[in-house]
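Comments concern the structure below.
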There are 2 protein chains.
Amino acid sequence: MESETELVGRWRSLATCYNEVACHLDRELQARHGLSMSEFEALDRLVGLQSEKCRMQTLASDMYLSQSALSRTVARLEKQGLVERALCEFDRRGVFVRVTEHGRRLHGEARETHLTILGEHLAPAAPPAVTHV
Amino acid sequence: MESETELVGRWRSLATCYNEVACHLDRELQARHGLSMSEFEALDRLVGLQSEKCRMQTLASDMYLSQSALSRTVARLEKQGLVERALCEFDRRGVFVRVTEHGRRLHGEARETHLTILGEHLAPAAPPAVTHV
DNA sequence: ACGCACAAGATTCTGACGCATTTAATGCGC
DNA sequence: GCGCATTAAATGCGTCAGAATCTTGTGCGT
């Protein structure tokens with residue numbers, strides 16, 4: 001069993017750590033590639049897929065984004081020419097999202113930044129020998 | 001050294017975990033006490049202080065909030081009668097924030113919810129082997 | 001073929017944040 | 001005492017997220 005104080009402490013460090021990384025990630029991705037964190041993540045997941053197309057829904061549930069937020073995120077990506085929306089011919093309610101060549105290229109560049117930032121700001125918390133402060 | 005994949009994996013689980021907890025926290029605090037996460041945190045820190053008053057600045061730097069966000073958060077809390085702003089007589093630029101009785105009472109109630117949610121959603125994520133989903 | 005319940009996305013509305021700017025007060029040099 | 005750089009906090013503005021709502025399309029029952 002764990003004391004309430006420890007529980008709260010764990011939560012606070014988790015939050016601090018997350019915010020720290022998220023903040024740097026967002027700032028750098030924006031500065032160097034003009035991408036927000038959500039935009040990068042969407043791109044990242046799309047590129048990581050086997051199939052080249054993906055339904056909106058699928059993406060939304062994978063990412064921690066509401067359906068409406070994803071819709072707008074994809075809209076922004078589309079406006080930048082990084083992804084394309086394509087209607088599904090079999091079920092015209094459905095919308096497929098596909099990364100464009102430009103999107104792939106930008107993702108490749110942004111991935112470097114992403115990894116760098118993670119390395120810099122996430123690493124120190126890593127070691128399994130948890131010297132719990 | 002750690003593989004890139006692991007690094008990204010660690011980041012994703014950190015993010016998922018944080019979002020999971022934050023989402024539940026926010027939802028429950030809002031539903032049961034009408035407080036947002038930032039509002040609760042501000043209240044929590046204020047109540048936890050030795051002295052009963054605190055400068056805006058101090059609060060802002062403790063919390064992961066920008067100065068402007070804090071200003072607005074305190075404004076909301078004030079509107080609900082949970083805190084009061086008071087001018088500092090020695091440095092009239094400064095503003096003190098103080099929890100009201102009402103604020104203390106609500107904080108006491110919300111703290112229970114806070115702890116419950118943390119217990120439910122933070123605890124299981126502790127082990128380093130994060131079995132995602 | 002028609003109607004109706006339901007599903008996928010888009011859209012609208014509201015609220016919060018960050019950035020940049022503004023207002024007001026301090027204190028330092030002269 | 002008077003200007004000027006600096007600091008504390010507030011505020012206008014643009015952007016983004018979530019909730020609720022709207023639109024369009026599907027598929028089933030008759």
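As shown in the structure tokens, the chain order sets the letters A, B, ...; within each chain, residues go from 1, and ligands are also counted from 1 in the order they appear.
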
Residues of chain A within 7 Å of chain B: nearest atom pair and distance (Å, one decimal) for each, counting only C-alpha atoms, sorted by chain and number, as JSON lines?
```
{"residue": "A:Leu14", "atom": "CA", "partner": "B:Tyr18", "partner_atom": "CA", "distance": 6.8}
{"residue": "A:Ala15", "atom": "CA", "partner": "B:Tyr18", "partner_atom": "CA", "distance": 6.6}
{"residue": "A:Tyr18", "atom": "CA", "partner": "B:Ala15", "partner_atom": "CA", "distance": 6.5}
```

Resulting file, chosen residues, N, CA and C atoms, as a PDB file, in the first residue's frame:
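Wrote out-v6.pdb, looks like this:
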```
ATOM      1  N   LEU A  14       4.659  12.821 -12.662  1.00  0.00           N
ATOM      2  CA  LEU A  14       4.205  12.398 -13.985  1.00  0.00           C
ATOM      3  C   LEU A  14       3.762  13.610 -14.792  1.00  0.00           C
ATOM      4  N   ALA A  15       2.954  14.452 -14.164  1.00  0.00           N
ATOM      5  CA  ALA A  15       2.440  15.634 -14.843  1.00  0.00           C
ATOM      6  C   ALA A  15       3.572  16.569 -15.249  1.00  0.00           C
ATOM      7  N   TYR A  18       5.536  15.008 -18.129  1.00  0.00           N
ATOM      8  CA  TYR A  18       4.771  15.069 -19.368  1.00  0.00           C
ATOM      9  C   TYR A  18       4.756  16.485 -19.929  1.00  0.00           C
TER      10      TYR A  18
END
```

Restrict the calculation to only C-alpha atoms (C1' of nucleotides), then for each residue of chain D with any atom at most 9 Å from an atom of chain A give the closest atom pair and their distance in Å to one decimal, rows by chain and rising residue number, as a Markdown table.
```
| residue | atom | partner | partner_atom | distance |
| --- | --- | --- | --- | --- |
| D:DC16 | C1' | A:Ala69 | CA | 8.3 |
| D:DA17 | C1' | A:Ala69 | CA | 6.3 |
| D:DG18 | C1' | A:Ser66 | CA | 7.1 |
| D:DT24 | C1' | A:Arg93 | CA | 7.2 |
| D:DG25 | C1' | A:Arg93 | CA | 5.4 |
| D:DT26 | C1' | A:Asp91 | CA | 7.6 |
```

How would the residues just chosen look if you wrote them out with C-alpha atoms (C1' of nucleotides) as a PDB file, in the first residue's frame?
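Dumped to again-v4.pdb:
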```pdb
ATOM      1  C1'  DC D  16      -7.211  24.903 -30.473  1.00  0.00           C
ATOM      2  C1'  DA D  17      -9.878  21.357 -27.866  1.00  0.00           C
ATOM      3  C1'  DG D  18     -14.292  19.273 -26.499  1.00  0.00           C
ATOM      4  C1'  DT D  24     -25.117  12.845 -45.377  1.00  0.00           C
ATOM      5  C1'  DG D  25     -25.097   8.105 -46.348  1.00  0.00           C
ATOM      6  C1'  DT D  26     -26.122   3.102 -45.082  1.00  0.00           C
TER       7       DT D  26
END
```

So that I can see what lies close to DG3 of chain C, please list as a ChimeraX atom specification the residues with an atom at most 12 Å from it, counting only C-alpha atoms (C1' of nucleotides) and leaving out residues fewer than 3 positions away in the same chain.
/D:27-30

Prev. selection, C-alpha atoms (C1' of nucleotides), output as a tab-separated table (two decimals), in the first residue's frame:
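The result, written out as result_16.tsv:
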```tsv
chain	number	residue	atom	x	y	z
D	27	DG	C1'	-28.95	-0.79	-44.37
D	28	DC	C1'	-32.93	-2.99	-42.74
D	29	DG	C1'	-37.94	-3.83	-42.41
D	30	DT	C1'	-42.06	-3.51	-44.78
```

Selection: 12 Å around DA20 of chain C, only C-alpha atoms (C1' of nucleotides), excl. self and same-chain fewer than 5 positions, as a CSV table (one decimal) with C-alpha atoms (C1' of nucleotides), in the first residue's frame:
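Produced file part-v7.csv, reproduced below:
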```
chain,number,residue,atom,x,y,z
B,68,SER,CA,-1.7,34.8,-18.0
D,11,DT,C1',-6.1,41.9,-21.2
D,12,DG,C1',-6.9,41.7,-26.4
D,13,DC,C1',-6.4,38.5,-29.9
D,14,DG,C1',-5.8,34.3,-32.3
```

Taking the DSSP secondary structure from the backbone, can you list the residues of segment 2-123 of chain A that are strand (DSSP E or B), as an MDAnalysis selection string?
chainID A and resid 53:55 83:87 95:99

Overlay target chain B, mobile chain A, all C-alpha paired in order, as an mmCIF file with C-alpha atoms, in the first residue's frame:
```cif
data_model
loop_
_atom_site.group_PDB
_atom_site.id
_atom_site.type_symbol
_atom_site.label_atom_id
_atom_site.label_comp_id
_atom_site.auth_asym_id
_atom_site.auth_seq_id
_atom_site.Cartn_x
_atom_site.Cartn_y
_atom_site.Cartn_z
ATOM 1 C CA MET A 1 20.930 3.014 -25.607
ATOM 2 C CA GLU A 2 17.379 2.836 -26.680
ATOM 3 C CA SER A 3 15.826 2.391 -30.074
ATOM 4 C CA GLU A 4 13.899 5.202 -31.637
ATOM 5 C CA THR A 5 10.818 3.053 -31.653
ATOM 6 C CA GLU A 6 11.027 2.496 -27.920
ATOM 7 C CA LEU A 7 11.507 6.175 -27.304
ATOM 8 C CA VAL A 8 8.444 7.020 -29.329
ATOM 9 C CA GLY A 9 6.571 4.197 -27.655
ATOM 10 C CA ARG A 10 7.433 5.533 -24.221
ATOM 11 C CA TRP A 11 6.264 8.969 -25.247
ATOM 12 C CA ARG A 12 3.009 7.640 -26.594
ATOM 13 C CA SER A 13 2.214 5.698 -23.461
ATOM 14 C CA LEU A 14 3.133 8.649 -21.307
ATOM 15 C CA ALA A 15 0.818 10.833 -23.355
ATOM 16 C CA THR A 16 -1.998 8.322 -23.330
ATOM 17 C CA CYS A 17 -1.691 7.804 -19.614
ATOM 18 C CA TYR A 18 -1.603 11.508 -18.894
ATOM 19 C CA ASN A 19 -4.554 12.232 -21.137
ATOM 20 C CA GLU A 20 -6.517 9.365 -19.682
ATOM 21 C CA VAL A 21 -6.118 10.604 -16.145
ATOM 22 C CA ALA A 22 -6.448 14.272 -17.008
ATOM 23 C CA CYS A 23 -9.600 13.641 -18.947
ATOM 24 C CA HIS A 24 -11.303 11.742 -16.120
ATOM 25 C CA LEU A 25 -10.068 14.183 -13.524
ATOM 26 C CA ASP A 26 -11.328 17.153 -15.424
ATOM 27 C CA ARG A 27 -14.674 15.577 -16.110
ATOM 28 C CA GLU A 28 -15.318 14.465 -12.549
ATOM 29 C CA LEU A 29 -14.046 17.589 -10.861
ATOM 30 C CA GLN A 30 -16.230 19.618 -13.161
ATOM 31 C CA ALA A 31 -19.283 17.415 -12.695
ATOM 32 C CA ARG A 32 -19.094 17.041 -8.934
ATOM 33 C CA HIS A 33 -17.586 20.319 -7.804
ATOM 34 C CA GLY A 34 -17.684 22.722 -10.728
ATOM 35 C CA LEU A 35 -13.915 22.994 -10.844
ATOM 36 C CA SER A 36 -11.589 22.684 -13.795
ATOM 37 C CA MET A 37 -8.315 20.849 -13.348
ATOM 38 C CA SER A 38 -6.289 24.057 -13.212
ATOM 39 C CA GLU A 39 -8.686 25.532 -10.729
ATOM 40 C CA PHE A 40 -8.397 22.518 -8.485
ATOM 41 C CA GLU A 41 -4.662 22.480 -8.758
ATOM 42 C CA ALA A 42 -4.388 26.138 -7.870
ATOM 43 C CA LEU A 43 -6.634 25.600 -4.882
ATOM 44 C CA ASP A 44 -4.715 22.506 -3.916
ATOM 45 C CA ARG A 45 -1.379 24.264 -3.943
ATOM 46 C CA LEU A 46 -2.741 27.213 -2.027
ATOM 47 C CA VAL A 47 -4.196 24.998 0.668
ATOM 48 C CA GLY A 48 -0.970 23.041 0.867
ATOM 49 C CA LEU A 49 1.080 26.111 1.689
ATOM 50 C CA GLN A 50 2.421 26.944 5.113
ATOM 51 C CA SER A 51 1.679 30.610 4.821
ATOM 52 C CA GLU A 52 -1.887 31.399 3.983
ATOM 53 C CA LYS A 53 -1.098 33.921 1.300
ATOM 54 C CA CYS A 54 0.871 33.562 -1.892
ATOM 55 C CA ARG A 55 2.018 35.805 -4.698
ATOM 56 C CA MET A 56 0.561 35.211 -8.146
ATOM 57 C CA GLN A 57 3.985 34.701 -9.612
ATOM 58 C CA THR A 58 4.940 32.020 -7.153
ATOM 59 C CA LEU A 59 1.814 30.094 -7.920
ATOM 60 C CA ALA A 60 2.250 30.473 -11.651
ATOM 61 C CA SER A 61 5.761 29.118 -11.654
ATOM 62 C CA ASP A 62 4.811 26.184 -9.424
ATOM 63 C CA MET A 63 1.955 25.214 -11.656
ATOM 64 C CA TYR A 64 2.436 24.517 -15.300
ATOM 65 C CA LEU A 65 0.549 27.639 -16.260
ATOM 66 C CA SER A 66 1.515 30.850 -17.925
ATOM 67 C CA GLN A 67 1.153 34.026 -15.964
ATOM 68 C CA SER A 68 -1.855 35.114 -17.975
ATOM 69 C CA ALA A 69 -3.604 31.791 -17.654
ATOM 70 C CA LEU A 70 -3.093 31.888 -13.917
ATOM 71 C CA SER A 71 -4.450 35.402 -13.711
ATOM 72 C CA ARG A 72 -7.643 34.239 -15.324
ATOM 73 C CA THR A 73 -7.801 31.039 -13.314
ATOM 74 C CA VAL A 74 -7.551 33.012 -10.100
ATOM 75 C CA ALA A 75 -10.164 35.401 -11.454
ATOM 76 C CA ARG A 76 -12.550 32.480 -11.938
ATOM 77 C CA LEU A 77 -11.833 31.125 -8.482
ATOM 78 C CA GLU A 78 -12.396 34.572 -7.050
ATOM 79 C CA LYS A 79 -15.710 34.889 -8.843
ATOM 80 C CA GLN A 80 -16.794 31.660 -7.186
ATOM 81 C CA GLY A 81 -15.689 33.014 -3.834
ATOM 82 C CA LEU A 82 -13.050 30.332 -3.331
ATOM 83 C CA VAL A 83 -10.078 32.640 -3.100
ATOM 84 C CA GLU A 84 -9.516 36.303 -2.446
ATOM 85 C CA ARG A 85 -7.031 38.661 -3.960
ATOM 86 C CA ALA A 86 -5.416 41.102 -1.622
ATOM 87 C CA LEU A 87 -3.017 43.875 -2.417
ATOM 88 C CA CYS A 88 0.351 43.737 -0.814
ATOM 89 C CA GLU A 89 0.767 46.883 1.205
ATOM 90 C CA PHE A 90 4.516 46.967 0.910
ATOM 91 C CA ASP A 91 4.743 46.455 -2.792
ATOM 92 C CA ARG A 92 1.570 47.579 -4.425
ATOM 93 C CA ARG A 93 2.465 45.835 -7.669
ATOM 94 C CA GLY A 94 2.147 42.544 -5.866
ATOM 95 C CA VAL A 95 -1.071 40.637 -5.385
ATOM 96 C CA PHE A 96 -1.632 38.033 -2.741
ATOM 97 C CA VAL A 97 -3.991 35.166 -3.208
ATOM 98 C CA ARG A 98 -5.626 33.563 -0.215
ATOM 99 C CA VAL A 99 -8.054 30.683 0.073
ATOM 100 C CA THR A 100 -11.334 31.536 1.710
ATOM 101 C CA GLU A 101 -13.176 29.285 4.129
ATOM 102 C CA HIS A 102 -15.529 28.330 1.352
ATOM 103 C CA GLY A 103 -12.526 27.511 -0.779
ATOM 104 C CA ARG A 104 -11.072 25.286 1.900
ATOM 105 C CA ARG A 105 -14.323 23.451 2.272
ATOM 106 C CA LEU A 106 -14.740 22.861 -1.434
ATOM 107 C CA HIS A 107 -11.136 21.815 -1.731
ATOM 108 C CA GLY A 108 -11.671 19.250 0.986
ATOM 109 C CA GLU A 109 -14.525 17.731 -0.939
ATOM 110 C CA ALA A 110 -12.808 17.894 -4.304
ATOM 111 C CA ARG A 111 -9.685 16.292 -2.868
ATOM 112 C CA GLU A 112 -11.636 13.110 -2.288
ATOM 113 C CA THR A 113 -12.688 13.025 -5.890
ATOM 114 C CA HIS A 114 -9.172 13.794 -6.964
ATOM 115 C CA LEU A 115 -7.715 10.917 -4.982
ATOM 116 C CA THR A 116 -10.405 8.529 -6.114
ATOM 117 C CA ILE A 117 -9.809 9.283 -9.757
ATOM 118 C CA LEU A 118 -6.059 9.012 -9.374
ATOM 119 C CA GLY A 119 -6.482 5.693 -7.661
ATOM 120 C CA GLU A 120 -8.724 4.402 -10.373
ATOM 121 C CA HIS A 121 -6.871 5.612 -13.415
ATOM 122 C CA LEU A 122 -3.298 6.076 -12.367
ATOM 123 C CA ALA A 123 -2.752 3.025 -10.212
ATOM 124 C CA PRO A 124 -2.551 0.328 -12.877
ATOM 125 C CA ALA A 125 0.548 1.960 -14.334
ATOM 126 C CA ALA A 126 2.278 2.062 -10.959
ATOM 127 C CA PRO A 127 4.015 -1.237 -10.213
ATOM 128 C CA PRO A 128 7.793 -0.791 -10.203
ATOM 129 C CA ALA A 129 8.189 -4.191 -11.816
ATOM 130 C CA VAL A 130 7.929 -2.612 -15.186
ATOM 131 C CA THR A 131 6.812 -5.253 -17.554
ATOM 132 C CA HIS A 132 7.572 -3.104 -20.492
ATOM 133 C CA VAL A 133 5.076 -3.971 -23.164
#
```

Would you mind listing, for every residue of chain C within 9 Å of chain A, the two atoms forming the shortest contact and the distance between them in Å to one decimal, using only C-alpha atoms (C1' of nucleotides), sorted by chain and ascending residue number, as a Markdown table?
```
| residue | atom | partner | partner_atom | distance |
| --- | --- | --- | --- | --- |
| C:DA7 | C1' | A:Arg93 | CA | 8.1 |
| C:DA8 | C1' | A:Arg93 | CA | 5.3 |
| C:DG9 | C1' | A:Arg93 | CA | 7.3 |
| C:DA10 | C1' | A:Ser71 | CA | 7.6 |
```

Those same residues, written as a short mmCIF file (atom, residue, chain, number, x, y, z; two decimals), in the first residue's frame with N, CA and C atoms (P, O5', C5', C4', C3', O3' and C1' of nucleotides)?
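The resulting file, again.cif, is reproduced below:
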```cif
data_model
loop_
_atom_site.label_atom_id
_atom_site.label_comp_id
_atom_site.auth_asym_id
_atom_site.auth_seq_id
_atom_site.Cartn_x
_atom_site.Cartn_y
_atom_site.Cartn_z
P DA C 7 -25.06 3.03 -34.38
"O5'" DA C 7 -24.13 3.50 -35.58
"C5'" DA C 7 -23.82 2.58 -36.63
"C4'" DA C 7 -22.91 3.28 -37.61
"C3'" DA C 7 -21.75 4.01 -36.93
"O3'" DA C 7 -20.56 3.79 -37.67
"C1'" DA C 7 -23.09 5.56 -38.16
P DA C 8 -19.23 4.55 -37.24
"O5'" DA C 8 -19.17 5.68 -38.35
"C5'" DA C 8 -18.99 5.30 -39.71
"C4'" DA C 8 -18.55 6.50 -40.51
"C3'" DA C 8 -17.36 7.24 -39.91
"O3'" DA C 8 -16.52 7.68 -40.96
"C1'" DA C 8 -19.24 8.67 -39.99
P DG C 9 -15.01 8.12 -40.61
"O5'" DG C 9 -15.05 9.61 -41.13
"C5'" DG C 9 -16.04 10.42 -40.60
"C4'" DG C 9 -16.34 11.58 -41.51
"C3'" DG C 9 -15.47 12.79 -41.17
"O3'" DG C 9 -15.34 13.66 -42.30
"C1'" DG C 9 -17.73 13.12 -40.44
P DA C 10 -14.54 15.02 -42.18
"O5'" DA C 10 -15.71 16.10 -41.95
"C5'" DA C 10 -16.70 16.25 -42.96
"C4'" DA C 10 -17.59 17.43 -42.62
"C3'" DA C 10 -16.87 18.73 -42.30
"O3'" DA C 10 -17.62 19.78 -42.90
"C1'" DA C 10 -18.24 18.10 -40.46
#
```

What residues in chain A get the DSSP label helix (DSSP H, G or I)? Please answer as a ChimeraX atom specification.
/A:4-33,37-48,56-62,67-79,101-121,123-125
